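To keep things clear, I will list the structure first and then write my remarks on it.
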Amino acid sequence: MTTLTAAPLAPLLARLFKEAASATSPAMGRYSGEERARLLGSKTEYLDFYGSLKDLWLAVSPETGTLLYMLARSTGARIIVEFGASFGISTLYLAAALRDNGGGRLITTEFEPSKVVRAKANLADGGLLDLVEIREGDALETLSRDLPDRIDLLLLDGAKALYPEILSLVESRLRPGALVIADNADFSPEYLQRVRSPAGGYMSTSFGDDVELSMRLG
């Protein structure tokens, strides 16, 4: 048994995924497909856009969550940074890996106050809150200071247009061999161009339908 497959976390995740699947937002009808695509690519309107969708979980899939756990476990990650906690589902997977690795620290970010409250409650219910620091606010500010000197894994799962900027904030702390996982990376062509460039300092490949997996080179 692992932390991921045992109580209290396994039944908690099953319940949270059901809640996520049934969540709705009245704001969704406000945006046409074209407008949503524009806002997903905006570096200036992301706070208003994602704030309007605060009722949606915007969670990773169970498959991606399992992948996160496996990657963090197999690399022996002890220091993890996450961009975009939402209600904390991906955070639970990563924190479970830290627990099974013998401990560590997970710094995650979320700008929506109501989601911070719920994420903390979910982490407490999963018995993992002691491993996690949630920084509330715009990640461009909260991740611009007080980062550990050596980061083993970075998850990008917030505003897609900001993936390059968040990577730039964290990059100097990524150890050689550190992994960067970007969910829904297809919405950030600028980010994909950067990590896939031969001169970018990464080895990178698509993984599944919507994940870009990159490794920081020495």
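In the structure tokens, the first chain shown is A, the next is B, and so on; residue numbers restart at 1 for each chain, and ligands run from 1 in the order shown.
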
Identify, on the basis of only C-alpha atoms, every residue whose closest approach to segment 141-151 of chain A does not exceed 10 Å; exclude the query and any residue fewer than 2 positions from it along the same chain; express the result as a ChimeraX atom specification.
/A:77-83,105-111,134-139,153-154,166,168-176,178-179

Could those residues be written to a file, using C-alpha atoms, as a PDB file, in the first residue's frame?
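Saved to result_20.pdb:
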ATOM      1  CA  ALA A  77      11.600  14.355  -5.221  1.00  0.00           C
ATOM      2  CA  ARG A  78      11.817  16.236  -1.944  1.00  0.00           C
ATOM      3  CA  ILE A  79      11.207  19.833  -3.104  1.00  0.00           C
ATOM      4  CA  ILE A  80       8.285  20.518  -5.471  1.00  0.00           C
ATOM      5  CA  VAL A  81       6.769  23.744  -6.784  1.00  0.00           C
ATOM      6  CA  GLU A  82       3.267  23.854  -8.249  1.00  0.00           C
ATOM      7  CA  PHE A  83       1.689  26.672 -10.249  1.00  0.00           C
ATOM      8  CA  ARG A 105       8.201  20.431   0.939  1.00  0.00           C
ATOM      9  CA  LEU A 106       5.623  21.389  -1.656  1.00  0.00           C
ATOM     10  CA  ILE A 107       5.120  25.062  -2.461  1.00  0.00           C
ATOM     11  CA  THR A 108       1.903  25.650  -4.369  1.00  0.00           C
ATOM     12  CA  THR A 109       0.105  28.762  -5.526  1.00  0.00           C
ATOM     13  CA  GLU A 110      -3.502  29.871  -5.959  1.00  0.00           C
ATOM     14  CA  PHE A 111      -4.884  33.371  -6.417  1.00  0.00           C
ATOM     15  CA  ILE A 134       0.035  27.417  -0.132  1.00  0.00           C
ATOM     16  CA  ARG A 135       0.948  30.897  -1.342  1.00  0.00           C
ATOM     17  CA  GLU A 136      -2.159  32.940  -2.028  1.00  0.00           C
ATOM     18  CA  GLY A 137      -1.987  35.563  -4.775  1.00  0.00           C
ATOM     19  CA  ASP A 138      -0.721  36.065  -8.293  1.00  0.00           C
ATOM     20  CA  ALA A 139       2.035  33.499  -8.881  1.00  0.00           C
ATOM     21  CA  LEU A 153       9.966  18.988  -9.802  1.00  0.00           C
ATOM     22  CA  LEU A 154       7.794  21.800 -11.165  1.00  0.00           C
ATOM     23  CA  ILE A 166       6.605  30.971 -14.295  1.00  0.00           C
ATOM     24  CA  SER A 168      11.639  31.788 -15.844  1.00  0.00           C
ATOM     25  CA  LEU A 169      10.989  32.502 -12.158  1.00  0.00           C
ATOM     26  CA  VAL A 170      11.852  28.961 -11.098  1.00  0.00           C
ATOM     27  CA  GLU A 171      14.378  27.901 -13.713  1.00  0.00           C
ATOM     28  CA  SER A 172      17.588  28.906 -11.937  1.00  0.00           C
ATOM     29  CA  ARG A 173      16.584  26.683  -8.985  1.00  0.00           C
ATOM     30  CA  LEU A 174      15.835  23.557 -11.028  1.00  0.00           C
ATOM     31  CA  ARG A 175      18.505  20.961 -10.410  1.00  0.00           C
ATOM     32  CA  PRO A 176      19.990  19.082 -13.367  1.00  0.00           C
ATOM     33  CA  ALA A 178      14.604  18.115 -12.542  1.00  0.00           C
ATOM     34  CA  LEU A 179      11.266  17.436 -14.195  1.00  0.00           C
TER      35      LEU A 179
END

Residues near segment 21-23 of chain A, cut-off 12 Å, only C-alpha atoms, skip fewer than 6 positions along chain, as a JSON list (two decimals) with N, CA and C atoms, in the first residue's frame:
[["chain", "number", "residue", "atom", "x", "y", "z"],
["A", 14, "ALA", "N", -11.43, 9.91, -4.75],
["A", 14, "ALA", "CA", -12.61, 9.42, -5.49],
["A", 14, "ALA", "C", -13.78, 10.38, -5.32],
["A", 15, "ARG", "N", -13.98, 10.88, -4.11],
["A", 15, "ARG", "CA", -15.06, 11.83, -3.87],
["A", 15, "ARG", "C", -14.81, 13.16, -4.56],
["A", 53, "LEU", "N", -14.29, 31.79, -13.31],
["A", 53, "LEU", "CA", -14.52, 30.35, -13.36],
["A", 53, "LEU", "C", -14.20, 29.69, -12.02],
["A", 54, "LYS", "N", -14.30, 30.44, -10.94],
["A", 54, "LYS", "CA", -13.86, 29.95, -9.64],
["A", 54, "LYS", "C", -14.66, 28.75, -9.15],
["A", 55, "ASP", "N", -15.84, 28.52, -9.71],
["A", 55, "ASP", "CA", -16.64, 27.37, -9.29],
["A", 55, "ASP", "C", -16.20, 26.08, -9.96],
["A", 56, "LEU", "N", -15.40, 26.20, -11.01],
["A", 56, "LEU", "CA", -14.91, 25.01, -11.71],
["A", 56, "LEU", "C", -13.62, 24.53, -11.07],
["A", 57, "TRP", "N", -13.43, 23.22, -11.05],
["A", 57, "TRP", "CA", -12.25, 22.65, -10.40],
["A", 57, "TRP", "C", -11.00, 22.78, -11.26],
["A", 58, "LEU", "N", -11.14, 22.67, -12.58],
["A", 58, "LEU", "CA", -10.00, 22.77, -13.50],
["A", 58, "LEU", "C", -8.89, 21.81, -13.06],
["A", 59, "ALA", "N", -9.30, 20.61, -12.69],
["A", 59, "ALA", "CA", -8.38, 19.64, -12.09],
["A", 59, "ALA", "C", -7.68, 18.79, -13.14],
["A", 60, "VAL", "N", -6.54, 18.22, -12.76],
["A", 60, "VAL", "CA", -5.91, 17.22, -13.60],
["A", 60, "VAL", "C", -6.80, 15.98, -13.64],
["A", 61, "SER", "N", -6.61, 15.15, -14.65],
["A", 61, "SER", "CA", -7.34, 13.90, -14.73],
["A", 61, "SER", "C", -6.75, 12.90, -13.74],
["A", 62, "PRO", "N", -7.50, 11.84, -13.40],
["A", 62, "PRO", "CA", -6.93, 10.80, -12.53],
["A", 62, "PRO", "C", -5.65, 10.20, -13.12],
["A", 87, "PHE", "N", -8.50, 23.45, -6.39],
["A", 87, "PHE", "CA", -9.04, 22.86, -5.16],
["A", 87, "PHE", "C", -8.09, 21.82, -4.55]]

Can you list, as a list in words, every protein, DNA or RNA residue that comes within 7 Å of Pro8 of chain A when you count only C-alpha atoms, leaving out same-chain residues fewer than 3 positions away?
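With the cut-off at 7 Å, the set is Pro11, Leu12 and Gly126 of chain A.
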
Serialized selection, C-alpha atoms, as an mmCIF file, in the first residue's frame:
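part-v8.cif was written with the following content:
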data_model
loop_
_atom_site.group_PDB
_atom_site.id
_atom_site.type_symbol
_atom_site.label_atom_id
_atom_site.label_comp_id
_atom_site.auth_asym_id
_atom_site.auth_seq_id
_atom_site.Cartn_x
_atom_site.Cartn_y
_atom_site.Cartn_z
ATOM 1 C CA PRO A 11 -11.527 7.598 -0.887
ATOM 2 C CA LEU A 12 -11.013 11.351 -0.648
ATOM 3 C CA GLY A 126 -5.933 13.743 3.219
#

Residue among A:Glu45, A:Asp157, A:Asp130, A:Glu212 lying closest to Gly103 of chain A, counting only C-alpha atoms
A:Asp130

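Reported to one decimal place, the separation of atom CA of Leu13 of chain A from atom CA of Ala96 of chain A is 11.5 Å.
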
Could you tell me, as a PDB file with C-alpha atoms, in the first residue's frame, which residues of segment 12-206 of chain A DSSP assigns to strand (DSSP E) when given the backbone?
ATOM      1  CA  ILE A  79      11.207  19.833  -3.104  1.00  0.00           C
ATOM      2  CA  ILE A  80       8.285  20.518  -5.471  1.00  0.00           C
ATOM      3  CA  VAL A  81       6.769  23.744  -6.784  1.00  0.00           C
ATOM      4  CA  GLU A  82       3.267  23.854  -8.249  1.00  0.00           C
ATOM      5  CA  PHE A  83       1.689  26.672 -10.249  1.00  0.00           C
ATOM      6  CA  ARG A 105       8.201  20.431   0.939  1.00  0.00           C
ATOM      7  CA  LEU A 106       5.623  21.389  -1.656  1.00  0.00           C
ATOM      8  CA  ILE A 107       5.120  25.062  -2.461  1.00  0.00           C
ATOM      9  CA  THR A 108       1.903  25.650  -4.369  1.00  0.00           C
ATOM     10  CA  THR A 109       0.105  28.762  -5.526  1.00  0.00           C
ATOM     11  CA  GLU A 110      -3.502  29.871  -5.959  1.00  0.00           C
ATOM     12  CA  VAL A 132       2.402  21.895   1.814  1.00  0.00           C
ATOM     13  CA  GLU A 133       2.824  25.666   1.786  1.00  0.00           C
ATOM     14  CA  ILE A 134       0.035  27.417  -0.132  1.00  0.00           C
ATOM     15  CA  ARG A 135       0.948  30.897  -1.342  1.00  0.00           C
ATOM     16  CA  GLU A 136      -2.159  32.940  -2.028  1.00  0.00           C
ATOM     17  CA  ILE A 151      13.896  22.226  -6.849  1.00  0.00           C
ATOM     18  CA  ASP A 152      13.284  18.656  -7.996  1.00  0.00           C
ATOM     19  CA  LEU A 153       9.966  18.988  -9.802  1.00  0.00           C
ATOM     20  CA  LEU A 154       7.794  21.800 -11.165  1.00  0.00           C
ATOM     21  CA  LEU A 155       4.132  21.408 -12.120  1.00  0.00           C
ATOM     22  CA  LEU A 156       2.587  24.041 -14.378  1.00  0.00           C
ATOM     23  CA  LEU A 174      15.835  23.557 -11.028  1.00  0.00           C
ATOM     24  CA  ARG A 175      18.505  20.961 -10.410  1.00  0.00           C
ATOM     25  CA  PRO A 176      19.990  19.082 -13.367  1.00  0.00           C
ATOM     26  CA  GLY A 177      17.548  16.294 -14.138  1.00  0.00           C
ATOM     27  CA  ALA A 178      14.604  18.115 -12.542  1.00  0.00           C
ATOM     28  CA  LEU A 179      11.266  17.436 -14.195  1.00  0.00           C
ATOM     29  CA  VAL A 180       8.806  20.046 -15.440  1.00  0.00           C
ATOM     30  CA  ILE A 181       5.269  18.824 -16.112  1.00  0.00           C
ATOM     31  CA  ALA A 182       2.957  21.198 -17.987  1.00  0.00           C
ATOM     32  CA  ASP A 183      -0.728  20.277 -18.121  1.00  0.00           C
ATOM     33  CA  TYR A 202      15.549  20.895 -21.760  1.00  0.00           C
ATOM     34  CA  MET A 203      14.753  17.497 -23.162  1.00  0.00           C
ATOM     35  CA  SER A 204      11.015  17.520 -23.786  1.00  0.00           C
ATOM     36  CA  THR A 205       8.261  15.332 -25.172  1.00  0.00           C
ATOM     37  CA  SER A 206       4.477  15.218 -25.219  1.00  0.00           C
TER      38      SER A 206
END

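A straight line drawn from atom CA of Lys160 of chain A to atom CA of Asp210 of chain A is 12.1 Å long.
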
So that I can check the surroundings of Tyr31 of chain A, please list as a PDB file with C-alpha atoms, in the first residue's frame every protein, DNA and RNA residue that reaches within 12 Å of it, counting only C-alpha atoms and ignoring chain neighbours fewer than 4 positions away.
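New file around.pdb:
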ATOM      1  CA  SER A  25     -20.161  27.702 -13.645  1.00  0.00           C
ATOM      2  CA  PRO A  26     -22.681  30.270 -14.887  1.00  0.00           C
ATOM      3  CA  ALA A  27     -19.749  32.164 -16.393  1.00  0.00           C
ATOM      4  CA  GLU A  35     -13.332  34.379 -26.735  1.00  0.00           C
ATOM      5  CA  ARG A  36     -12.258  31.522 -24.451  1.00  0.00           C
ATOM      6  CA  ALA A  37      -9.341  30.769 -26.750  1.00  0.00           C
ATOM      7  CA  ARG A  38      -8.320  34.426 -26.705  1.00  0.00           C
ATOM      8  CA  LEU A  39      -8.495  34.647 -22.930  1.00  0.00           C
ATOM      9  CA  LEU A  40      -6.532  31.429 -22.464  1.00  0.00           C
ATOM     10  CA  PHE A  49     -10.948  35.128 -16.613  1.00  0.00           C
ATOM     11  CA  SER A  52     -14.958  34.140 -13.230  1.00  0.00           C
ATOM     12  CA  LEU A  53     -14.518  30.346 -13.362  1.00  0.00           C
TER      13      LEU A  53
END

Can you check which residues of chain A DSSP gives as helix (DSSP H, G or I) on the backbone and send them as a ChimeraX atom specification?
/A:9-22,26-30,33-40,46-52,62-74,89-100,113-125,129-131,139-142,160-173,185-187,189-196

Provide the atom CA of Val116 of chain A to atom CA of Leu162 of chain A distance in Å, to one decimal place.
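Calculated distance between atom CA of Val116 of chain A and atom CA of Leu162 of chain A is 19.7 Å.
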